Amino acid sequence: MPLTVPAIRRHITRLKAAYGEPIVLISLLEHKGDEAGLASALGAAMGALASEPPARAKYAAIDIKALCKAGRAEGMRAAIGRLDADLAAISHLTIRGTGGDIGGTTGGLAVARRQVGVMRINCLDCLNRTNLLMSALALRAAAVQLRELAALAVGNVAGEHLSRASEPSLLAALQRMWGEVGDAISI
């Protein structure tokens with residue numbers, strides 16, 4: 001472990017320089033079986049760095065396989081629920097028109113909010129676990145952005161209602177698009 005802590009320290013420091021804070025390191029290593037030793041060592045290394053402000057990052061160990069044992073949807077909801085506050089803290093880029101209209105066509109554009117921080121997902125050798133969590137996080141972020149856009153277009157209360165009503169179909173369309181793009185790339 002002595003070699004691990006300096007490497008993780010450097011990695012976190014570089015992430016903070018590039019993305020700001022918060023930095024959330026998510027381990028998808030299994031807590032039992034072949035990956036348990038590595039998961040324990042990573043947890044210990046992150047614990048050792050917890051008292052070092054320049055290298056401090058939130059650490060979330062999520063055993064996706066164990067969470068999804070009863071059902072994939074329920075397991076993913078539980079995993080995302082653990083990361084909701086972190087995802088909100090990282091936020092997203094919002095650009096708004098500075099003109100009198102919603103689209104900003106009579107004025108310029110201005111950054112209303114910037115994304116700060118990043119989620120760093122770590123898994124031993126399973127792209128399925130990583131992709132599963134990344135797509136769930138992306139859909140959660142897309143839902144938040146859709147609600148914000150609808151609120152801007154129609155007004156806060158009406159926009160929120162419109163967005164929640166249309167959100168499932170918009171997110172389903174986004175998932176279909178990702179699948180089609182993935183299929184096209186793999187051919």
# chains A, B, ... in the order shown; residues from 1 in each chain; ligands from 1

call {"tool": "select_by_dssp", "arguments": {"residues": "chain A", "states": "strand (DSSP E or B)", "output": "PDB file with all heavy atoms, in the first residue's frame"}}
result
ATOM      1  N   ILE A  23     -14.401  16.034  -5.987  1.00  0.00           N
ATOM      2  CA  ILE A  23     -13.912  14.849  -6.681  1.00  0.00           C
ATOM      3  C   ILE A  23     -14.548  13.664  -5.972  1.00  0.00           C
ATOM      4  O   ILE A  23     -14.442  13.533  -4.752  1.00  0.00           O
ATOM      5  CB  ILE A  23     -12.375  14.731  -6.611  1.00  0.00           C
ATOM      6  CG1 ILE A  23     -11.699  15.973  -7.195  1.00  0.00           C
ATOM      7  CG2 ILE A  23     -11.899  13.451  -7.281  1.00  0.00           C
ATOM      8  CD1 ILE A  23     -11.946  16.204  -8.673  1.00  0.00           C
ATOM      9  N   VAL A  24     -15.228  12.831  -6.718  1.00  0.00           N
ATOM     10  CA  VAL A  24     -15.878  11.653  -6.142  1.00  0.00           C
ATOM     11  C   VAL A  24     -15.271  10.431  -6.826  1.00  0.00           C
ATOM     12  O   VAL A  24     -15.420  10.253  -8.030  1.00  0.00           O
ATOM     13  CB  VAL A  24     -17.409  11.677  -6.356  1.00  0.00           C
ATOM     14  CG1 VAL A  24     -18.052  10.474  -5.687  1.00  0.00           C
ATOM     15  CG2 VAL A  24     -18.006  12.978  -5.835  1.00  0.00           C
ATOM     16  N   LEU A  25     -14.550   9.625  -6.064  1.00  0.00           N
ATOM     17  CA  LEU A  25     -13.992   8.388  -6.590  1.00  0.00           C
ATOM     18  C   LEU A  25     -14.944   7.255  -6.237  1.00  0.00           C
ATOM     19  O   LEU A  25     -15.251   7.038  -5.063  1.00  0.00           O
ATOM     20  CB  LEU A  25     -12.610   8.114  -5.999  1.00  0.00           C
ATOM     21  CG  LEU A  25     -11.496   8.900  -6.684  1.00  0.00           C
ATOM     22  CD1 LEU A  25     -11.254  10.191  -5.961  1.00  0.00           C
ATOM     23  CD2 LEU A  25     -10.258   8.071  -6.746  1.00  0.00           C
ATOM     24  N   ILE A  26     -15.410   6.567  -7.256  1.00  0.00           N
ATOM     25  CA  ILE A  26     -16.382   5.491  -7.075  1.00  0.00           C
ATOM     26  C   ILE A  26     -15.711   4.177  -7.430  1.00  0.00           C
ATOM     27  O   ILE A  26     -15.229   4.007  -8.544  1.00  0.00           O
ATOM     28  CB  ILE A  26     -17.615   5.717  -7.974  1.00  0.00           C
ATOM     29  CG1 ILE A  26     -18.232   7.089  -7.693  1.00  0.00           C
ATOM     30  CG2 ILE A  26     -18.626   4.591  -7.770  1.00  0.00           C
ATOM     31  CD1 ILE A  26     -19.211   7.537  -8.755  1.00  0.00           C
ATOM     32  N   SER A  27     -15.681   3.270  -6.490  1.00  0.00           N
ATOM     33  CA  SER A  27     -15.129   1.944  -6.724  1.00  0.00           C
ATOM     34  C   SER A  27     -16.279   0.976  -6.945  1.00  0.00           C
ATOM     35  O   SER A  27     -17.194   0.888  -6.125  1.00  0.00           O
ATOM     36  CB  SER A  27     -14.304   1.483  -5.523  1.00  0.00           C
ATOM     37  OG  SER A  27     -13.979   0.108  -5.669  1.00  0.00           O
ATOM     38  N   LYS A  58     -14.147  12.464  -1.990  1.00  0.00           N
ATOM     39  CA  LYS A  58     -15.163  11.566  -1.462  1.00  0.00           C
ATOM     40  C   LYS A  58     -14.937  10.203  -2.095  1.00  0.00           C
ATOM     41  O   LYS A  58     -14.634  10.098  -3.280  1.00  0.00           O
ATOM     42  CB  LYS A  58     -16.561  12.062  -1.796  1.00  0.00           C
ATOM     43  CG  LYS A  58     -17.600  11.086  -1.290  1.00  0.00           C
ATOM     44  CD  LYS A  58     -18.977  11.601  -1.299  1.00  0.00           C
ATOM     45  CE  LYS A  58     -19.892  10.512  -0.733  1.00  0.00           C
ATOM     46  NZ  LYS A  58     -21.260  10.857  -0.830  1.00  0.00           N
ATOM     47  N   TYR A  59     -15.090   9.173  -1.298  1.00  0.00           N
ATOM     48  CA  TYR A  59     -14.902   7.804  -1.777  1.00  0.00           C
ATOM     49  C   TYR A  59     -16.196   7.041  -1.569  1.00  0.00           C
ATOM     50  O   TYR A  59     -16.754   7.031  -0.476  1.00  0.00           O
ATOM     51  CB  TYR A  59     -13.755   7.135  -1.009  1.00  0.00           C
ATOM     52  CG  TYR A  59     -13.536   5.697  -1.378  1.00  0.00           C
ATOM     53  CD1 TYR A  59     -13.096   5.347  -2.644  1.00  0.00           C
ATOM     54  CD2 TYR A  59     -13.765   4.689  -0.452  1.00  0.00           C
ATOM     55  CE1 TYR A  59     -12.884   4.021  -2.983  1.00  0.00           C
ATOM     56  CE2 TYR A  59     -13.549   3.363  -0.774  1.00  0.00           C
ATOM     57  CZ  TYR A  59     -13.116   3.032  -2.042  1.00  0.00           C
ATOM     58  OH  TYR A  59     -12.916   1.723  -2.373  1.00  0.00           O
ATOM     59  N   ALA A  60     -16.692   6.445  -2.631  1.00  0.00           N
ATOM     60  CA  ALA A  60     -17.911   5.638  -2.557  1.00  0.00           C
ATOM     61  C   ALA A  60     -17.606   4.253  -3.097  1.00  0.00           C
ATOM     62  O   ALA A  60     -17.251   4.100  -4.265  1.00  0.00           O
ATOM     63  CB  ALA A  60     -19.029   6.293  -3.362  1.00  0.00           C
ATOM     64  N   ALA A  61     -17.718   3.258  -2.251  1.00  0.00           N
ATOM     65  CA  ALA A  61     -17.527   1.869  -2.664  1.00  0.00           C
ATOM     66  C   ALA A  61     -18.913   1.270  -2.900  1.00  0.00           C
ATOM     67  O   ALA A  61     -19.700   1.143  -1.962  1.00  0.00           O
ATOM     68  CB  ALA A  61     -16.772   1.095  -1.592  1.00  0.00           C
ATOM     69  N   THR A  94     -24.711  25.415 -17.727  1.00  0.00           N
ATOM     70  CA  THR A  94     -25.949  26.042 -18.173  1.00  0.00           C
ATOM     71  C   THR A  94     -25.587  27.351 -18.862  1.00  0.00           C
ATOM     72  O   THR A  94     -24.901  28.190 -18.274  1.00  0.00           O
ATOM     73  CB  THR A  94     -26.890  26.342 -16.989  1.00  0.00           C
ATOM     74  OG1 THR A  94     -27.156  25.122 -16.301  1.00  0.00           O
ATOM     75  CG2 THR A  94     -28.196  26.954 -17.458  1.00  0.00           C
ATOM     76  N   ILE A  95     -26.015  27.485 -20.095  1.00  0.00           N
ATOM     77  CA  ILE A  95     -25.806  28.717 -20.854  1.00  0.00           C
ATOM     78  C   ILE A  95     -27.167  29.313 -21.132  1.00  0.00           C
ATOM     79  O   ILE A  95     -28.070  28.625 -21.599  1.00  0.00           O
ATOM     80  CB  ILE A  95     -25.049  28.439 -22.166  1.00  0.00           C
ATOM     81  CG1 ILE A  95     -23.668  27.857 -21.846  1.00  0.00           C
ATOM     82  CG2 ILE A  95     -24.934  29.721 -23.000  1.00  0.00           C
ATOM     83  CD1 ILE A  95     -22.865  27.456 -23.047  1.00  0.00           C
ATOM     84  N   ARG A  96     -27.309  30.586 -20.842  1.00  0.00           N
ATOM     85  CA  ARG A  96     -28.592  31.265 -21.053  1.00  0.00           C
ATOM     86  C   ARG A  96     -28.403  32.458 -21.965  1.00  0.00           C
ATOM     87  O   ARG A  96     -27.333  33.057 -22.014  1.00  0.00           O
ATOM     88  CB  ARG A  96     -29.154  31.738 -19.717  1.00  0.00           C
ATOM     89  CG  ARG A  96     -29.483  30.578 -18.791  1.00  0.00           C
ATOM     90  CD  ARG A  96     -30.574  30.938 -17.814  1.00  0.00           C
ATOM     91  NE  ARG A  96     -30.980  29.748 -17.106  1.00  0.00           N
ATOM     92  CZ  ARG A  96     -30.794  29.549 -15.815  1.00  0.00           C
ATOM     93  NH1 ARG A  96     -30.232  30.465 -15.082  1.00  0.00           N
ATOM     94  NH2 ARG A  96     -31.202  28.435 -15.244  1.00  0.00           N
ATOM     95  N   GLY A  97     -29.487  32.791 -22.661  1.00  0.00           N
ATOM     96  CA  GLY A  97     -29.479  33.983 -23.490  1.00  0.00           C
ATOM     97  C   GLY A  97     -29.526  35.227 -22.634  1.00  0.00           C
ATOM     98  O   GLY A  97     -30.174  35.259 -21.596  1.00  0.00           O
ATOM     99  N   LEU A 109     -24.998  35.234 -25.356  1.00  0.00           N
ATOM    100  CA  LEU A 109     -25.117  34.080 -24.474  1.00  0.00           C
ATOM    101  C   LEU A 109     -24.202  34.285 -23.280  1.00  0.00           C
ATOM    102  O   LEU A 109     -23.138  34.890 -23.398  1.00  0.00           O
ATOM    103  CB  LEU A 109     -24.735  32.791 -25.204  1.00  0.00           C
ATOM    104  CG  LEU A 109     -25.608  32.403 -26.386  1.00  0.00           C
ATOM    105  CD1 LEU A 109     -25.026  31.180 -27.091  1.00  0.00           C
ATOM    106  CD2 LEU A 109     -27.022  32.112 -25.934  1.00  0.00           C
ATOM    107  N   ALA A 110     -24.614  33.769 -22.145  1.00  0.00           N
ATOM    108  CA  ALA A 110     -23.809  33.881 -20.935  1.00  0.00           C
ATOM    109  C   ALA A 110     -23.844  32.571 -20.172  1.00  0.00           C
ATOM    110  O   ALA A 110     -24.869  31.878 -20.158  1.00  0.00           O
ATOM    111  CB  ALA A 110     -24.346  35.008 -20.049  1.00  0.00           C
ATOM    112  N   VAL A 111     -22.741  32.246 -19.556  1.00  0.00           N
ATOM    113  CA  VAL A 111     -22.669  31.056 -18.717  1.00  0.00           C
ATOM    114  C   VAL A 111     -23.353  31.372 -17.399  1.00  0.00           C
ATOM    115  O   VAL A 111     -22.940  32.276 -16.678  1.00  0.00           O
ATOM    116  CB  VAL A 111     -21.207  30.617 -18.486  1.00  0.00           C
ATOM    117  CG1 VAL A 111     -21.139  29.468 -17.491  1.00  0.00           C
ATOM    118  CG2 VAL A 111     -20.561  30.222 -19.807  1.00  0.00           C
ATOM    119  N   ALA A 112     -24.427  30.651 -17.120  1.00  0.00           N
ATOM    120  CA  ALA A 112     -25.165  30.845 -15.866  1.00  0.00           C
ATOM    121  C   ALA A 112     -24.620  29.958 -14.754  1.00  0.00           C
ATOM    122  O   ALA A 112     -24.687  30.302 -13.582  1.00  0.00           O
ATOM    123  CB  ALA A 112     -26.649  30.562 -16.079  1.00  0.00           C
ATOM    124  N   ARG A 113     -24.098  28.796 -15.126  1.00  0.00           N
ATOM    125  CA  ARG A 113     -23.554  27.861 -14.136  1.00  0.00           C
ATOM    126  C   ARG A 113     -22.533  26.982 -14.851  1.00  0.00           C
ATOM    127  O   ARG A 113     -22.719  26.605 -15.989  1.00  0.00           O
ATOM    128  CB  ARG A 113     -24.676  27.001 -13.564  1.00  0.00           C
ATOM    129  CG  ARG A 113     -24.177  25.934 -12.620  1.00  0.00           C
ATOM    130  CD  ARG A 113     -25.254  25.041 -12.023  1.00  0.00           C
ATOM    131  NE  ARG A 113     -26.301  24.725 -12.950  1.00  0.00           N
ATOM    132  CZ  ARG A 113     -27.608  24.777 -12.651  1.00  0.00           C
ATOM    133  NH1 ARG A 113     -27.994  25.132 -11.462  1.00  0.00           N
ATOM    134  NH2 ARG A 113     -28.514  24.455 -13.546  1.00  0.00           N
ATOM    135  N   VAL A 118     -15.837  16.229 -10.571  1.00  0.00           N
ATOM    136  CA  VAL A 118     -15.966  15.088 -11.476  1.00  0.00           C
ATOM    137  C   VAL A 118     -16.159  13.815 -10.659  1.00  0.00           C
ATOM    138  O   VAL A 118     -15.757  13.731  -9.503  1.00  0.00           O
ATOM    139  CB  VAL A 118     -14.705  14.974 -12.380  1.00  0.00           C
ATOM    140  CG1 VAL A 118     -13.482  14.551 -11.588  1.00  0.00           C
ATOM    141  CG2 VAL A 118     -14.943  14.048 -13.550  1.00  0.00           C
ATOM    142  N   MET A 119     -16.817  12.853 -11.278  1.00  0.00           N
ATOM    143  CA  MET A 119     -16.930  11.511 -10.702  1.00  0.00           C
ATOM    144  C   MET A 119     -15.954  10.618 -11.460  1.00  0.00           C
ATOM    145  O   MET A 119     -15.976  10.578 -12.687  1.00  0.00           O
ATOM    146  CB  MET A 119     -18.349  10.979 -10.848  1.00  0.00           C
ATOM    147  CG  MET A 119     -19.323  11.676  -9.962  1.00  0.00           C
ATOM    148  SD  MET A 119     -20.925  10.863  -9.994  1.00  0.00           S
ATOM    149  CE  MET A 119     -21.710  11.682  -8.633  1.00  0.00           C
ATOM    150  N   ARG A 120     -15.125   9.912 -10.725  1.00  0.00           N
ATOM    151  CA  ARG A 120     -14.127   9.019 -11.309  1.00  0.00           C
ATOM    152  C   ARG A 120     -14.517   7.609 -10.917  1.00  0.00           C
ATOM    153  O   ARG A 120     -14.550   7.266  -9.742  1.00  0.00           O
ATOM    154  CB  ARG A 120     -12.748   9.392 -10.776  1.00  0.00           C
ATOM    155  CG  ARG A 120     -11.648   8.395 -10.966  1.00  0.00           C
ATOM    156  CD  ARG A 120     -11.314   8.224 -12.437  1.00  0.00           C
ATOM    157  NE  ARG A 120     -10.055   7.547 -12.634  1.00  0.00           N
ATOM    158  CZ  ARG A 120      -9.913   6.220 -12.604  1.00  0.00           C
ATOM    159  NH1 ARG A 120     -10.921   5.432 -12.344  1.00  0.00           N
ATOM    160  NH2 ARG A 120      -8.734   5.684 -12.825  1.00  0.00           N
ATOM    161  N   ILE A 121     -14.859   6.801 -11.916  1.00  0.00           N
ATOM    162  CA  ILE A 121     -15.326   5.435 -11.641  1.00  0.00           C
ATOM    163  C   ILE A 121     -14.190   4.454 -11.888  1.00  0.00           C
ATOM    164  O   ILE A 121     -13.515   4.522 -12.906  1.00  0.00           O
ATOM    165  CB  ILE A 121     -16.553   5.092 -12.498  1.00  0.00           C
ATOM    166  CG1 ILE A 121     -17.692   6.048 -12.146  1.00  0.00           C
ATOM    167  CG2 ILE A 121     -16.967   3.642 -12.294  1.00  0.00           C
ATOM    168  CD1 ILE A 121     -18.945   5.853 -12.948  1.00  0.00           C
ATOM    169  N   ASN A 122     -14.018   3.547 -10.939  1.00  0.00           N
ATOM    170  CA  ASN A 122     -12.958   2.560 -11.004  1.00  0.00           C
ATOM    171  C   ASN A 122     -13.558   1.164 -10.917  1.00  0.00           C
ATOM    172  O   ASN A 122     -14.385   0.893 -10.051  1.00  0.00           O
ATOM    173  CB  ASN A 122     -11.997   2.789  -9.829  1.00  0.00           C
ATOM    174  CG  ASN A 122     -10.883   1.787  -9.800  1.00  0.00           C
ATOM    175  OD1 ASN A 122     -10.172   1.646 -10.776  1.00  0.00           O
ATOM    176  ND2 ASN A 122     -10.735   1.103  -8.684  1.00  0.00           N
TER     177      ASN A 122
END

call {"tool": "residues_around", "arguments": {"residues": "A:Ser135", "least_positions_apart": "4", "cutoff": "12 Å", "atoms": "only C-alpha atoms", "output": "PyMOL selection string"}}
result
chain A and resi 76+80+127-131+139-142+171+174-175+178-179
